[in-house]
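Q: Data file my_file-v9.cif (mmCIF, C-alpha atoms and all ligand atoms) is appended below.
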data_final
#
loop_
_atom_site.label_atom_id
_atom_site.label_comp_id
_atom_site.auth_asym_id
_atom_site.auth_seq_id
_atom_site.Cartn_x
_atom_site.Cartn_y
_atom_site.Cartn_z
CA MET A 1 -53.92 83.42 -52.16
CA SER A 2 -51.33 85.93 -53.15
CA GLU A 3 -47.70 85.04 -53.57
CA ILE A 4 -44.93 87.52 -53.06
CA ALA A 5 -43.39 87.85 -56.50
CA LEU A 6 -39.67 87.11 -56.56
CA PRO A 7 -37.40 89.47 -58.49
CA GLN A 8 -36.87 88.53 -62.12
CA HIS A 9 -33.11 88.63 -62.32
CA GLU A 10 -31.05 88.79 -65.46
CA ILE A 11 -28.13 86.33 -65.49
CA TYR A 12 -25.11 86.55 -67.75
CA ALA A 13 -22.08 84.32 -68.25
CA ILE A 14 -18.84 85.93 -69.38
CA ARG A 15 -16.46 83.53 -71.12
CA TYR A 16 -12.99 84.68 -70.14
CA ALA A 17 -10.70 81.72 -70.94
CA ARG A 18 -10.53 78.31 -72.60
CA ARG A 19 -8.26 75.33 -73.03
CA ASP A 20 -7.92 72.31 -75.25
CA ALA A 21 -8.38 68.98 -73.51
CA ARG A 22 -9.32 65.36 -74.16
CA ARG A 23 -12.34 63.41 -72.96
CA ALA A 24 -10.18 61.26 -70.68
CA ASP A 25 -9.19 64.40 -68.75
CA HIS A 26 -12.71 65.05 -67.52
CA PHE A 27 -13.99 61.83 -65.95
CA VAL A 28 -12.84 59.91 -62.90
CA GLY A 29 -11.22 56.78 -64.29
CA GLY A 30 -10.74 58.36 -67.72
CA ASP A 31 -12.81 57.64 -70.81
CA PRO A 32 -12.48 54.99 -73.54
CA HIS A 33 -13.10 57.48 -76.36
CA ASP A 34 -10.01 59.44 -77.29
CA ALA A 35 -11.54 62.65 -78.57
CA PRO A 36 -11.19 66.39 -77.95
CA MET A 37 -13.26 67.92 -75.16
CA PRO A 38 -12.26 71.56 -74.72
CA MET A 39 -13.07 73.51 -71.57
CA ASP A 40 -14.45 77.04 -71.19
CA TYR A 41 -14.03 79.27 -68.14
CA PHE A 42 -16.77 81.64 -66.97
CA THR A 43 -17.73 84.23 -64.44
CA TRP A 44 -21.42 84.91 -63.89
CA VAL A 45 -23.33 88.15 -63.34
CA ILE A 46 -26.73 88.38 -61.63
CA ARG A 47 -28.54 91.67 -62.00
CA ASP A 48 -31.85 93.33 -61.29
CA ALA A 49 -32.90 96.93 -60.66
CA GLU A 50 -31.66 96.69 -57.06
CA ARG A 51 -28.24 95.11 -57.32
CA VAL A 52 -25.41 93.38 -59.15
CA VAL A 53 -24.02 90.13 -57.73
CA LEU A 54 -20.93 88.56 -59.25
CA VAL A 55 -20.44 84.79 -58.99
CA ASP A 56 -16.73 83.91 -59.09
CA THR A 57 -13.96 86.13 -60.38
CA GLY A 58 -11.88 84.03 -62.80
CA PHE A 59 -8.11 84.05 -63.13
CA THR A 60 -5.54 86.60 -64.27
CA ALA A 61 -3.41 86.58 -67.42
CA PRO A 62 -0.21 85.63 -65.50
CA VAL A 63 -1.97 82.64 -63.92
CA ALA A 64 -3.29 81.64 -67.34
CA LYS A 65 0.25 81.71 -68.71
CA ALA A 66 1.66 79.67 -65.82
CA ARG A 67 -1.09 77.05 -66.20
CA LYS A 68 -1.10 77.11 -70.02
CA ARG A 69 -4.70 78.28 -70.33
CA GLN A 70 -5.78 80.57 -73.14
CA HIS A 71 -6.81 83.84 -71.48
CA LEU A 72 -9.39 85.63 -73.66
CA ARG A 73 -10.13 88.68 -71.51
CA CYS A 74 -10.10 89.92 -67.92
CA PRO A 75 -13.54 88.99 -66.59
CA ILE A 76 -13.64 92.10 -64.40
CA GLU A 77 -12.77 94.45 -67.28
CA ALA A 78 -15.39 92.59 -69.33
CA LEU A 79 -18.10 93.80 -66.92
CA ASP A 80 -17.92 97.02 -68.92
CA LEU A 81 -19.59 95.14 -71.80
CA LEU A 82 -22.67 94.99 -69.56
CA GLY A 83 -22.35 98.60 -68.42
CA ILE A 84 -21.13 97.57 -64.95
CA ALA A 85 -18.29 99.42 -63.21
CA PRO A 86 -16.12 97.20 -60.98
CA GLU A 87 -16.44 99.79 -58.18
CA SER A 88 -20.21 99.30 -58.21
CA VAL A 89 -20.04 95.57 -57.40
CA ARG A 90 -20.90 95.11 -53.70
CA GLU A 91 -21.50 91.36 -53.47
CA VAL A 92 -19.36 88.53 -54.83
CA VAL A 93 -20.11 84.85 -54.32
CA GLN A 94 -17.08 82.59 -54.33
CA THR A 95 -18.43 79.15 -55.15
CA HIS A 96 -15.05 77.75 -54.03
CA LEU A 97 -11.42 78.86 -53.91
CA HIS A 98 -9.90 77.06 -56.91
CA TYR A 99 -7.64 79.30 -58.99
CA ASP A 100 -10.11 79.61 -61.87
CA HIS A 101 -12.83 81.00 -59.60
CA VAL A 102 -11.11 83.36 -57.17
CA GLY A 103 -8.47 85.48 -58.97
CA ASN A 104 -8.98 89.19 -59.63
CA PHE A 105 -10.59 89.87 -56.24
CA ASP A 106 -8.29 92.91 -55.86
CA LYS A 107 -10.03 94.56 -58.82
CA LEU A 108 -13.31 94.84 -56.87
CA PRO A 109 -12.52 97.48 -54.22
CA ASN A 110 -16.02 97.74 -52.72
CA ALA A 111 -17.12 94.11 -52.72
CA ARG A 112 -17.91 91.69 -49.92
CA PHE A 113 -17.00 88.07 -50.64
CA HIS A 114 -19.36 85.24 -49.70
CA LEU A 115 -17.59 81.98 -48.93
CA THR A 116 -18.21 78.82 -46.94
CA ASP A 117 -16.35 78.18 -43.70
CA ARG A 118 -15.46 74.72 -44.98
CA GLU A 119 -13.82 76.05 -48.12
CA MET A 120 -11.62 78.49 -46.22
CA ALA A 121 -10.70 75.75 -43.74
CA PHE A 122 -9.82 73.39 -46.60
CA ALA A 123 -7.73 75.95 -48.51
CA THR A 124 -5.75 76.91 -45.39
CA GLY A 125 -5.59 73.51 -43.74
CA ARG A 126 -3.82 70.21 -43.59
CA TYR A 127 -4.61 68.88 -47.07
CA MET A 128 -2.75 71.66 -48.87
CA LYS A 129 0.50 69.85 -48.20
CA TYR A 130 -0.57 67.23 -50.74
CA PRO A 131 -0.08 68.09 -54.45
CA LYS A 132 -3.28 66.24 -55.36
CA PHE A 133 -5.35 68.75 -53.37
CA ARG A 134 -3.32 71.95 -53.60
CA HIS A 135 -2.83 71.71 -57.36
CA SER A 136 -5.97 73.72 -58.13
CA PHE A 137 -5.26 76.47 -55.58
CA GLU A 138 -3.02 79.52 -55.97
CA PRO A 139 -1.41 80.36 -52.60
CA ASP A 140 -1.63 84.09 -53.40
CA ASP A 141 -5.38 83.82 -53.96
CA VAL A 142 -5.89 81.96 -50.70
CA ALA A 143 -3.69 84.48 -48.83
CA GLY A 144 -5.65 87.27 -50.50
CA MET A 145 -8.90 85.87 -49.17
CA VAL A 146 -7.37 85.64 -45.68
CA ARG A 147 -6.34 89.31 -45.96
CA LEU A 148 -9.82 90.29 -47.11
CA ASN A 149 -11.20 88.56 -44.03
CA PHE A 150 -8.87 90.64 -41.85
CA GLU A 151 -10.40 93.70 -43.55
CA GLY A 152 -13.89 92.52 -42.63
CA ARG A 153 -14.82 91.84 -46.24
CA VAL A 154 -15.55 88.09 -46.13
CA GLU A 155 -19.01 86.83 -45.24
CA PHE A 156 -18.90 83.21 -44.10
CA HIS A 157 -21.73 80.72 -44.62
CA ASP A 158 -22.05 77.30 -43.03
CA ARG A 159 -25.48 76.41 -44.43
CA GLU A 160 -28.02 77.58 -46.98
CA ALA A 161 -28.28 81.36 -47.01
CA GLU A 162 -30.33 84.01 -48.75
CA LEU A 163 -28.06 86.69 -50.19
CA ALA A 164 -30.96 88.82 -51.43
CA PRO A 165 -34.58 88.12 -52.32
CA GLY A 166 -34.47 85.35 -54.95
CA ILE A 167 -30.71 84.73 -54.67
CA SER A 168 -29.63 81.91 -52.38
CA LEU A 169 -26.43 79.98 -51.65
CA HIS A 170 -26.40 76.22 -51.14
CA PRO A 171 -23.39 74.23 -49.92
CA VAL A 172 -23.03 70.95 -51.83
CA GLY A 173 -19.37 69.93 -51.44
CA GLY A 174 -17.97 67.05 -53.50
CA HIS A 175 -15.60 68.77 -55.92
CA THR A 176 -14.15 70.62 -52.93
CA PRO A 177 -15.47 70.26 -49.35
CA GLY A 178 -16.82 73.82 -49.28
CA LEU A 179 -18.28 74.18 -52.79
CA GLN A 180 -21.55 76.11 -52.92
CA VAL A 181 -24.01 76.63 -55.78
CA VAL A 182 -26.25 79.65 -56.42
CA ARG A 183 -30.00 79.60 -57.05
CA VAL A 184 -31.47 82.63 -58.81
CA SER A 185 -35.08 83.65 -59.47
CA THR A 186 -35.71 84.67 -63.09
CA ALA A 187 -38.69 85.24 -65.36
CA ARG A 188 -38.41 81.58 -66.44
CA GLY A 189 -38.19 80.16 -62.92
CA HIS A 190 -35.31 79.25 -60.63
CA VAL A 191 -31.99 78.86 -62.44
CA VAL A 192 -29.05 77.16 -60.67
CA LEU A 193 -25.51 78.31 -61.36
CA ALA A 194 -23.94 74.96 -60.56
CA SER A 195 -20.32 76.09 -60.94
CA ASP A 196 -18.07 73.07 -60.40
CA ALA A 197 -20.80 70.90 -58.91
CA MET A 198 -20.80 69.85 -62.56
CA HIS A 199 -18.14 70.88 -65.06
CA TYR A 200 -19.98 69.41 -68.05
CA TYR A 201 -23.55 68.32 -68.74
CA GLU A 202 -22.13 64.86 -69.35
CA ASN A 203 -20.68 64.57 -65.82
CA TRP A 204 -24.14 65.23 -64.42
CA MET A 205 -26.36 63.43 -66.92
CA THR A 206 -24.35 60.20 -66.85
CA ASP A 207 -23.39 60.36 -63.13
CA ARG A 208 -19.69 60.23 -64.00
CA PRO A 209 -17.90 62.79 -61.83
CA PHE A 210 -15.20 65.16 -63.03
CA SER A 211 -11.63 64.06 -62.39
CA THR A 212 -10.77 66.75 -59.81
CA ALA A 213 -12.64 65.45 -56.80
CA TRP A 214 -12.69 65.63 -53.03
CA HIS A 215 -15.50 63.15 -52.35
CA LEU A 216 -17.08 61.14 -55.16
CA GLY A 217 -20.21 60.27 -53.22
CA ASP A 218 -20.82 63.91 -52.39
CA MET A 219 -20.26 64.78 -56.04
CA VAL A 220 -23.09 62.62 -57.31
CA GLU A 221 -25.27 63.74 -54.40
CA ALA A 222 -24.53 67.32 -55.45
CA TYR A 223 -26.07 66.50 -58.86
CA ARG A 224 -29.26 65.51 -57.03
CA ALA A 225 -29.16 68.67 -54.89
CA VAL A 226 -28.83 70.84 -57.99
CA GLU A 227 -31.76 69.01 -59.63
CA ARG A 228 -33.93 69.72 -56.59
CA LEU A 229 -33.02 73.41 -56.56
CA ALA A 230 -33.60 74.06 -60.28
CA ALA A 231 -37.04 74.53 -61.84
CA SER A 232 -36.14 71.84 -64.40
CA PRO A 233 -33.02 70.32 -66.03
CA ARG A 234 -33.21 73.21 -68.50
CA HIS A 235 -32.54 75.55 -65.57
CA VAL A 236 -29.18 74.02 -64.61
CA VAL A 237 -26.00 75.77 -65.79
CA PRO A 238 -22.78 73.68 -65.64
CA GLY A 239 -19.56 75.47 -64.76
CA HIS A 240 -17.20 74.76 -67.66
CA ASP A 241 -19.16 73.34 -70.60
CA PRO A 242 -18.62 75.04 -74.00
CA LEU A 243 -22.11 73.79 -74.93
CA VAL A 244 -23.72 76.60 -72.92
CA MET A 245 -22.26 79.13 -75.37
CA ARG A 246 -24.35 77.43 -78.09
CA GLN A 247 -27.50 77.03 -76.02
CA TYR A 248 -27.94 80.63 -74.94
CA PRO A 249 -27.97 83.89 -76.92
CA PRO A 250 -25.66 86.86 -76.53
CA PRO A 251 -27.38 89.93 -75.06
CA ARG A 252 -26.29 91.86 -78.17
CA PRO A 253 -25.05 90.41 -81.49
CA GLU A 254 -21.57 91.92 -81.09
CA LEU A 255 -21.09 89.94 -77.84
CA GLU A 256 -21.35 86.59 -79.66
CA GLY A 257 -18.83 84.15 -78.19
CA ILE A 258 -18.12 86.47 -75.24
CA VAL A 259 -21.29 86.92 -73.15
CA ILE A 260 -24.51 84.90 -73.02
CA ARG A 261 -27.80 85.49 -71.27
CA LEU A 262 -28.97 82.64 -69.01
CA ASP A 263 -32.35 83.91 -67.84
CA VAL A 264 -33.91 82.92 -71.17
CA GLU A 265 -34.74 79.40 -72.34
CA PRO A 266 -31.88 77.36 -73.83
CA SER A 267 -32.37 76.65 -77.54
CA PHE A 268 -31.68 72.92 -77.04
CA MET A 269 -30.56 70.42 -74.40
CA PRO A 270 -27.81 67.85 -74.89
CA SER A 271 -28.40 64.13 -74.42
CA PHE A 272 -25.98 61.27 -73.95
CA GLY A 273 -26.10 57.57 -74.76
CA GLU A 274 -25.75 56.46 -71.15
CA GLU A 275 -28.06 59.15 -69.85
CA ARG A 276 -30.17 58.46 -66.78
CA HIS A 277 -32.89 61.06 -67.28
ZN ZN A 301 -13.52 75.47 -62.11
#
Before we go any further, please render this structure as structure tokens.
Ligand SMILES: [Zn+2]

A:
Amino acid sequence: MSEIALPQHEIYAIRYARRDARRADHFVGGDPHDAPMPMDYFTWVIRDAERVVLVDTGFTAPVAKARKRQHLRCPIEALDLLGIAPESVREVVQTHLHYDHVGNFDKLPNARFHLTDREMAFATGRYMKYPKFRHSFEPDDVAGMVRLNFEGRVEFHDREAELAPGISLHPVGGHTPGLQVVRVSTARGHVVLASDAMHYYENWMTDRPFSTAWHLGDMVEAYRAVERLAASPRHVVPGHDPLVMRQYPPPRPELEGIVIRLDVEPSFMPSFGEERH
């Protein structure tokens, strides 16, 4: 029996922003331990000899200022650190349309944007009149995505889809109705870029969802979906956890603290007192 070998993609995370926060900020219902729990912000790059795929596009410096986030670098300018010109990026996956995932789209003049129908419907629909739901969206970003659609540059997905051999999109919902995660073939097996299906390892490993939520049941089911898609728990990459910067190496020493490589084994895995696994 011969198997068709899947491409062995490289995956990188670019850390473009951070903020200070407390544990109680990150769990539905808060947390009894009053301790710091900072948050990192990432965009992800998938690359092989054939193509570059960007997963999410971060936010801009003005949005960082308005929302009191510490902007470290423009994630699109930072592509240069990996030898990638923004003009060369043809495919961008938007895991969802929250402000920290969808800014900067105007800096990618030749890209198509992959998005779920449900996410676009949510971001342009009835729930945006409620502060609870619109808080994490920037109207200019949402309008920008509508304009891109009018230019024929948005590819809609309403189910699992293969973007390229070894790169697939999987709608999971929960955090937002239209959230999708990305599964990527690598030399170490299938890695899942979980984005905001899980902000932190602890949300996932203790089944305690993050505080920004559309549907709590779907959120915990999304943890199970991510587990099924990944080769092992060591192949799951949470969307906002500073721990990943310590688990994975920079591609070059001078990129320490800025870029990490995710297609290699993590050096350790966290564990938590109330852990299920
Ligand atoms: Zn996010």

Q: Please check which residues have atoms at most 10 Å from (-12.6, 86.6, -65.8) in the file's coordinates, counting only C-alpha atoms, and write them as a list in words.

A: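 So the residues meeting the distance criterion are Ile14, Arg15, Tyr16, Ala17, Tyr41, Phe42, Thr43, Trp44, Asp56, Thr57, Gly58, Phe59, Thr60, Ala61, His71, Leu72, Arg73, Cys74, Pro75, Ile76, Glu77, Ala78, Leu79, Asp100, His101, Val102, Gly103 and Asn104 of chain A.
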
Q: Once you count only C-alpha atoms and all ligand atoms, which residues end up within 12 Å of ligand ZN 301 (chain A), and could you hand them over as a PDB file with C-alpha atoms, in the frame of the given file?

A:
ATOM      1  CA  ALA A  17     -10.700  81.720 -70.940  1.00  0.00           C
ATOM      2  CA  ARG A  18     -10.530  78.310 -72.600  1.00  0.00           C
ATOM      3  CA  HIS A  26     -12.710  65.050 -67.520  1.00  0.00           C
ATOM      4  CA  MET A  39     -13.070  73.510 -71.570  1.00  0.00           C
ATOM      5  CA  ASP A  40     -14.450  77.040 -71.190  1.00  0.00           C
ATOM      6  CA  TYR A  41     -14.030  79.270 -68.140  1.00  0.00           C
ATOM      7  CA  PHE A  42     -16.770  81.640 -66.970  1.00  0.00           C
ATOM      8  CA  THR A  43     -17.730  84.230 -64.440  1.00  0.00           C
ATOM      9  CA  ASP A  56     -16.730  83.910 -59.090  1.00  0.00           C
ATOM     10  CA  THR A  57     -13.960  86.130 -60.380  1.00  0.00           C
ATOM     11  CA  GLY A  58     -11.880  84.030 -62.800  1.00  0.00           C
ATOM     12  CA  PHE A  59      -8.110  84.050 -63.130  1.00  0.00           C
ATOM     13  CA  GLN A  94     -17.080  82.590 -54.330  1.00  0.00           C
ATOM     14  CA  THR A  95     -18.430  79.150 -55.150  1.00  0.00           C
ATOM     15  CA  HIS A  96     -15.050  77.750 -54.030  1.00  0.00           C
ATOM     16  CA  LEU A  97     -11.420  78.860 -53.910  1.00  0.00           C
ATOM     17  CA  HIS A  98      -9.900  77.060 -56.910  1.00  0.00           C
ATOM     18  CA  TYR A  99      -7.640  79.300 -58.990  1.00  0.00           C
ATOM     19  CA  ASP A 100     -10.110  79.610 -61.870  1.00  0.00           C
ATOM     20  CA  HIS A 101     -12.830  81.000 -59.600  1.00  0.00           C
ATOM     21  CA  VAL A 102     -11.110  83.360 -57.170  1.00  0.00           C
ATOM     22  CA  GLY A 103      -8.470  85.480 -58.970  1.00  0.00           C
ATOM     23  CA  SER A 136      -5.970  73.720 -58.130  1.00  0.00           C
ATOM     24  CA  PHE A 137      -5.260  76.470 -55.580  1.00  0.00           C
ATOM     25  CA  HIS A 175     -15.600  68.770 -55.920  1.00  0.00           C
ATOM     26  CA  THR A 176     -14.150  70.620 -52.930  1.00  0.00           C
ATOM     27  CA  LEU A 179     -18.280  74.180 -52.790  1.00  0.00           C
ATOM     28  CA  ALA A 194     -23.940  74.960 -60.560  1.00  0.00           C
ATOM     29  CA  SER A 195     -20.320  76.090 -60.940  1.00  0.00           C
ATOM     30  CA  ASP A 196     -18.070  73.070 -60.400  1.00  0.00           C
ATOM     31  CA  ALA A 197     -20.800  70.900 -58.910  1.00  0.00           C
ATOM     32  CA  MET A 198     -20.800  69.850 -62.560  1.00  0.00           C
ATOM     33  CA  HIS A 199     -18.140  70.880 -65.060  1.00  0.00           C
ATOM     34  CA  TYR A 200     -19.980  69.410 -68.050  1.00  0.00           C
ATOM     35  CA  PHE A 210     -15.200  65.160 -63.030  1.00  0.00           C
ATOM     36  CA  SER A 211     -11.630  64.060 -62.390  1.00  0.00           C
ATOM     37  CA  THR A 212     -10.770  66.750 -59.810  1.00  0.00           C
ATOM     38  CA  ALA A 213     -12.640  65.450 -56.800  1.00  0.00           C
ATOM     39  CA  PRO A 238     -22.780  73.680 -65.640  1.00  0.00           C
ATOM     40  CA  GLY A 239     -19.560  75.470 -64.760  1.00  0.00           C
ATOM     41  CA  HIS A 240     -17.200  74.760 -67.660  1.00  0.00           C
ATOM     42  CA  ASP A 241     -19.160  73.340 -70.600  1.00  0.00           C
TER      43      ASP A 241
END

Q: Taking (-29.7, 85.0, -65.0) as a centre in this file's frame and 7 Å as the limit, can you find every polymer residue with an atom that close, using all atoms listed in the file, and give them as a ChimeraX atom specification?

A: /A:9-12,46,184,186,261-263

Q: Which residues are near Asn110 (chain A)? Cut-off 10 Å, all atoms listed in the file, ignore same chain within fewer than 6 positions. Put them as a PDB file with C-alpha atoms, keeping the file's coordinate frame.

A:
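Saved the output as part_13.pdb:
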ATOM      1  CA  PRO A  86     -16.120  97.200 -60.980  1.00  0.00           C
ATOM      2  CA  GLU A  87     -16.440  99.790 -58.180  1.00  0.00           C
ATOM      3  CA  SER A  88     -20.210  99.300 -58.210  1.00  0.00           C
ATOM      4  CA  VAL A  89     -20.040  95.570 -57.400  1.00  0.00           C
ATOM      5  CA  ARG A  90     -20.900  95.110 -53.700  1.00  0.00           C
ATOM      6  CA  GLU A  91     -21.500  91.360 -53.470  1.00  0.00           C
ATOM      7  CA  ARG A 153     -14.820  91.840 -46.240  1.00  0.00           C
TER       8      ARG A 153
END

Q: Expressed in Å to a single decimal, how great is the separation between CA of Leu115 (chain A) and CA of Gly178 (chain A)?

A: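 It comes out at 8.2 Å.
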
Q: Between A:Val192, A:Ala225, A:Val181, A:Met120, which has the minimum distance to Val146 (chain A) (counting all atoms listed in the file)?

A: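 The shortest atom-to-atom distance to Val146 (chain A) comes from A:Met120.
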
Q: Go through A:Pro266, A:His135, A:Val237, A:Val45 one by one, measure the shortest atom-to-atom distance of each to Asp80 (chain A) using all atoms listed in the file, and give the residue with the smallest value.

A: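 The answer is A:Val45, which sits nearest to Asp80 (chain A).
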
Q: Calculate how many Å separate CA of Gln8 (chain A) from CA of Ala49 (chain A), rounding to one decimal.

A: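 Between CA of Gln8 (chain A) and CA of Ala49 (chain A) the gap works out to 9.4 Å.
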
Q: In Å, with one decimal, what is the gap from CA of Leu108 (chain A) to CA of Lys129 (chain A)?

A: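 About the pair CA of Leu108 (chain A) and CA of Lys129 (chain A): they are 29.8 Å apart.
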
Q: Given the choices A:Arg224, A:Tyr130, A:Ala13, A:Ser185, which gets closest to Leu255 (chain A) if the distance is worked out from all atoms listed in the file?

A: A:Ala13

Q: Find the residues around Pro209 (chain A) up to 7 Å (all atoms listed in the file counted), leave out those fewer than 5 positions away in its own chain, and share them as a PyMOL selection string.

A: chain A and resi 27-28+203+216+219-220

Q: Would you list the contacts of Ala231 (chain A) as a PyMOL selection string, taking every protein, DNA or RNA residue within 7 Å and counting only C-alpha atoms, but skipping same-chain residues closer than 6 positions in sequence?

A: chain A and resi 189-191
